[in-house]
2 protein chains.
Amino acid sequence: MLPNESNLDPRVRRTRSLILQSFEELLAEKSFVSISVQDVTDKAQINRATFYKHFEDKYELLDYSISQMFRAEIEKRTLDACHYTLDNLRSLIVAVCEFLVRLHSDCAQPHQQFESLVETQIKAQIYDLLTVWLRQTKTRISTEIPATVATWAIYGLASYWSHSTPARAGAAREKRPALSKFVDEALPLIAVNLEQFAGSK
Amino acid sequence: MLPNESNLDPRVRRTRSLILQSFEELLAEKSFVSISVQDVTDKAQINRATFYKHFEDKYELLDYSISQMFRAEIEKRTLDACHYTLDNLRSLIVAVCEFLVRLHSDCAQPHQQFESLVETQIKAQIYDLLTVWLRQTKTRISTEIPATVATWAIYGLASYWSHSTPARAGAAREKRPALSKFVDEALPLIAVNLEQFAGSK
DNA sequence: TCTGTTTTGTTGCTTAAGCAACACGGGAGC
DNA sequence: GCTCCCGTGTTGCTTAAGCAACAAAACAGA
């Protein structure tokens with residue numbers, strides 16, 4: 001989205017990272033709705049006007065922040081710049097699950113608005129990644145439909161799993177199932193629509 | 001020396017602190033003589049030209065850095081903005097001793113040049129502080145001579161004490177004497193020339 | 001000694017950040 | 001209704017930081 005980080009004026013890199021850092025620290029303290037642009041710029045020790053030279057408003061900041069964090073998660077597992085395999089698909093699902101869990105534990109009180117903004121960003125990233133993977137295969141099959149299905153399914157699973165710790169009140173506290181078992185079970189349901197893209201394997 | 005930190009352009013505060021921080025980190029790695037301005041600006045991620053807008057050269061940076069650190073030590077013990085008493089004098093001596101010990105443990109290899117630059121700065125600060133203390137008493141006695149004597153004596157003691165851990169080779173490793181005992185012993189020799197300024201006590 | 005390399009200060013011009021002030025809108029409380 | 005307050009975007013002008021290029025000095029090694 002924004003020009004690729006490096007080859008960028010050092011001042012820009014610095015203030016962006018100051019904004020990002022302050023914002024993420026604030027998210028750990030209070031809900032997204034209650035965070036004002038002033039809060040962010042105060043903590044970052046930059047001028048409020050400077051903020052608006054980088055972001056439209058706090059919503060765009062949230063989008064950017066979530067994207068960056070998720071992208072880091074993906075790069076950490078070197079899932080960017082690789083291709084479609086069952087193992088990589090599995091890693092992707094695990095990544096989304098762990099990302100959401102971390103997000104929920106790091107952020108003070110996620111409201112539905114916050115959740116839905118996050119969802120939009122993450123799904124876009126998953127979709128892009130899957131598209132890159134599927135396009136690398138020489139097949140001329142259209143990727144839109146399978147990628148869409150897989151994207152929604154993956155996010156849905158991860159969301160379900162990441163929320164399944166505090167069970168509904170009254171009932172016995174149902175522990176979140178172990179991630180690996182959960183993914184083992186779910187993986188085939190996702191892979192079935194993508195197998196036509198499986199390459200050499 | 002420099003305008004008092006606050007009420008200052010945020011950009012200036014930021015780059016100064018970046019420079020300071022990088023410099024102190026570098027001092028922990030290599031000797032002062034081997035640190036170049038480029039090293040500092042690289043680590044601080046600022047432009048080299050910007051450095052020269054704040055400091056003449058690395059020597060002025062060292063002066064400033066040492067002053068800041070020592071001033072922090074003084075303010076931590078609230079020795080600024082107080083007056084002359086035996087207790088405060090004792091605290092001052094302890095402060096200088098502990099400061100030098102910390103400096104020696106934090107810095108990679110102190111050369112004699114480094115040491116002498118440090119000495120100049122610290123003594124200037126001690127002298128200024130003592131002068132403020134002594135001037136607060138209503139006496140019209142001149143402060144220059146007593147303050148000078150006390151300054152040199154205090155620094156000399158602290159330097160001696162802070163270097164007395166690794167004893168000369170061959171001899172039994174003489175442990176650095178406990179600071180409080182050392183100061184107890186030395187304090188009267190310093191105080192004797194300042195007692196005429198003692199106030200109500 | 002000559003030579004290439006590195007570091008040092010310095011300069012003019014470009015660009016980003018700071019600042020103060022403004023109009024706007026949405027509550028909160030009377 | 002009415003203020004008062006607070007957060008939001010936006011603007012023109014000021015100031016600091018970035019950059020590339022330069023000459024001069026320091027230095028290391030044939």
# chains A, B, ... in the order shown; residues from 1 in each chain; ligands from 1
>>> interface_residues(of="chain A", to="chain D", cutoff="9 Å", atoms="only C-alpha atoms (C1' of nucleotides)", output="ChimeraX atom specification")
/A:9-11,36-38,49,52
>>> atom_distance(atom1="atom CA of Ile19 of chain B", atom2="atom CA of Ser31 of chain B")
16.7 Å
>>> select_by_dssp(residues="segment 87-197 of chain B", states="helix (DSSP H, G or I)", output="number ranges by chain")
B: 87-106, 112-136, 144-163, 179-191, 195-197
>>> atom_distance(atom1="atom CA of Phe114 of chain A", atom2="atom CA of Val33 of chain A")
7.9 Å
>>> residues_around(residues="segment 177-186 of chain A", least_positions_apart="5", cutoff="10 Å", atoms="only C-alpha atoms (C1' of nucleotides)", output="ChimeraX atom specification")
/A:90-91,93-94,97-98,153-154,157-158,161-162,164-165,191
>>> closest_residue(among="A:Phe51, A:Glu29, A:Ile35, A:His104", to="DA16 of chain C", atoms="only C-alpha atoms (C1' of nucleotides)")
A:Phe51
